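**Q** Take a look at the following structure, please.
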Amino acid sequence: MNKIDTYRHKGMRQKLVDQIRGKGIEDERILKAIGKIPRHFFMDEAFVEKAYEDKAFPIGKGQTISQPYTVAFQTHLLRVGYGDKILEIGTGSGYQACVLAEMGANVYTIERHRSLSASAKKLLVHLGYKVRCIYGDGFLGYPPFAPYDKILITAAAPEIPKALLEQLKVGGCMVVPKDENGKQRMLRITKTNVNDYTTEPFDYFQFVPMLKGKE
Ligand code: SAH
């Protein structure tokens, strides 16, 4: 893998961090992770200049790498703790999973596109992160390693997947952009007891749809 991270990239990355801080993200652990991870590695080499703009960007298969601010916001809502076991739905480029791993979480991530899952896995191994990349349908979660402290969905969910609520630990939370007529309302759902949940609504965001099955 021929990827290089130069001082110029680091400079662009620092500006991105300052922009995200300016948008209200104060958690230094999140900002540090974004400042460290070479986001341009997660995109096609032709788009290095775009990698440090605070924007989503196409990664093939009609999918996108999330906007850095969105990554930071979802990570903030997830209240990531060192050693948390986190299940992510929608590996995509692997960037969000990398941010969580850099913060010390134990990350499992599911992707329904075989080729995206394979390339994210290759890149994360290359960067030295121990993220488990699973090729599968996130609606089903991943029972072998359940329950999870936290669950993060990075695609627009038409409904809250029941299997995921079941695979969440009591006391844990799930962050999910829930589709409401084409825009997505960010929700944090906390499991307060085996069958009890509280839901906190946040702002609207834009995500690609969460789809059933694998490709
Ligand atoms: N977290 C990603 C952004 C991903 S975009 C990143 O940091 O780059 C959303 C991803 O969710 C897409 O790659 C899409 O293929 C995937 N996806 C959609 N529905 C899914 C499902 N049911 N199971 C797993 N992945 C899914």
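Residue numbering restarts at 1 for every chain of the structure tokens, chains are lettered A, B, ... in their displayed order, and ligands are numbered from 1 as they appear.
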If the limit is 8 Å from any atom of ligand 1, counting only C-alpha atoms and all ligand atoms, which residues qualify? Return them as a PyMOL selection string.
**A** chain A and resi 42+59+61-66+71+88-97+110-113+116+135-140+153-156+207-214
**Q** What lies within 9 Å of region 30-32 of chain A using only C-alpha atoms, ignoring chain neighbours under 2 positions off, as a PDB file with C-alpha atoms, in the first residue's frame?
**A**
```pdb
ATOM      1  CA  VAL A  17      -9.639  19.992  13.674  1.00  0.00           C
ATOM      2  CA  ASP A  18      -9.905  23.733  14.370  1.00  0.00           C
ATOM      3  CA  ILE A  20     -14.677  21.055  13.995  1.00  0.00           C
ATOM      4  CA  ARG A  21     -13.788  22.605  17.352  1.00  0.00           C
ATOM      5  CA  ILE A  25     -16.975  19.707  19.519  1.00  0.00           C
ATOM      6  CA  GLU A  26     -14.983  20.128  22.723  1.00  0.00           C
ATOM      7  CA  ASP A  27     -13.879  16.578  23.562  1.00  0.00           C
ATOM      8  CA  GLU A  28     -10.103  16.685  23.092  1.00  0.00           C
ATOM      9  CA  ILE A  34      -9.193  13.330  13.971  1.00  0.00           C
ATOM     10  CA  GLY A  35      -5.892  15.218  14.114  1.00  0.00           C
ATOM     11  CA  LYS A  36      -3.939  11.986  14.023  1.00  0.00           C
ATOM     12  CA  ILE A  37      -5.742   9.820  11.445  1.00  0.00           C
ATOM     13  CA  ALA A  72     -17.184  13.877  15.603  1.00  0.00           C
ATOM     14  CA  THR A  75     -18.650   9.929  18.457  1.00  0.00           C
ATOM     15  CA  HIS A  76     -19.457  12.600  21.042  1.00  0.00           C
ATOM     16  CA  VAL A  99     -11.571   7.134  15.113  1.00  0.00           C
ATOM     17  CA  LEU A 100     -13.248   4.861  17.691  1.00  0.00           C
ATOM     18  CA  GLU A 102      -7.839   5.397  18.140  1.00  0.00           C
ATOM     19  CA  MET A 103      -9.846   6.425  21.235  1.00  0.00           C
TER      20      MET A 103
END
```
**Q** Counting only C-alpha atoms, which residue out of A:Glu159, A:Ile134, A:Thr190, A:Pro177 sits closest to Ala120 (chain A)?
**A**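 With only C-alpha atoms as the atom set, the closest residue is A:Ile134.
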**Q** Can you tell me which residues surround Met186 (chain A) at a distance of at most 10 Å, considering only C-alpha atoms, apart from same-chain residues fewer than 2 positions away, and format the answer as a list in words?
**A** Phe73, Gln74, Leu77, Ala156, Val175, Val176, Pro177, Lys178, Asp179, Lys183, Gln184, Arg188, Ile189, Glu200, Pro201, Phe202, Asp203, Tyr204, Phe205 and Gln206 of chain A
**Q** Please extract the residues of region 49-165 of chain A with a backbone DSSP assignment of strand (DSSP E or B) and present them as a PyMOL selection string.
**A** chain A and resi 57-60+63-65+85-89+106-111+132-135+148-153+156-157
**Q** Take the residues that were just selected and, keeping C-alpha atoms, output them as a compact mmCIF listing (two decimals), in the first residue's frame.
**A**
```
# COMPACT_ATOMS: atom_id res chain seq x y z
CA PHE A 57 -17.23 12.36 -0.13
CA PRO A 58 -17.98 9.44 -2.51
CA ILE A 59 -16.04 6.22 -1.82
CA GLY A 60 -17.55 4.02 -4.57
CA GLN A 63 -21.55 5.22 -0.71
CA THR A 64 -19.81 8.07 1.11
CA ILE A 65 -17.26 8.68 3.84
CA LYS A 85 -16.93 -2.77 23.03
CA ILE A 86 -18.56 -0.92 20.13
CA LEU A 87 -20.50 -2.29 17.18
CA GLU A 88 -20.62 0.00 14.14
CA ILE A 89 -23.10 -0.55 11.31
CA ASN A 106 -12.74 -2.35 20.94
CA VAL A 107 -14.43 -2.01 17.56
CA TYR A 108 -16.56 -4.43 15.52
CA THR A 109 -17.85 -2.99 12.25
CA ILE A 110 -20.30 -4.44 9.73
CA GLU A 111 -20.54 -3.57 6.03
CA ARG A 132 -12.88 -6.52 13.41
CA CYS A 133 -14.39 -5.94 9.94
CA ILE A 134 -17.44 -8.10 9.33
CA TYR A 135 -19.08 -8.55 5.93
CA TYR A 148 -22.06 -4.38 23.13
CA ASP A 149 -21.48 -1.33 25.36
CA LYS A 150 -22.36 0.96 22.48
CA ILE A 151 -23.81 0.64 18.99
CA LEU A 152 -23.32 3.23 16.25
CA ILE A 153 -25.30 3.26 13.01
CA ALA A 156 -30.09 6.24 7.59
CA ALA A 157 -32.19 3.69 9.47
```
**Q** Would you return as an MDAnalysis selection string the members of region 38-198 of chain A that DSSP assigns to alpha helix (DSSP H) on this structure's backbone?
**A** chainID A and resid 68:77 95:102 114:127 162:166
**Q** Using only C-alpha atoms, which of the listed residues (A:Ala118, A:Thr6, A:Met174, A:Leu168) sits closest to Asn193 (chain A)?
**A**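 For Asn193 (chain A), the nearest of the candidates is A:Leu168.
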**Q** Between CA of Ser115 (chain A) and CA of Val80 (chain A), what is the distance, to one decimal in Å?
**A** 28.2 Å
**Q** How many Å separate CA of Tyr82 (chain A) from CA of Ala105 (chain A)?
**A**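 CA of Ala105 (chain A) lies 5.5 Å from CA of Tyr82 (chain A).
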**Q** Which residue out of A:Asp44, A:Pro147, A:Thr70, A:Leu78 has the minimum interatomic distance to Lys23 (chain A) when only C-alpha atoms are used?
**A** A:Thr70
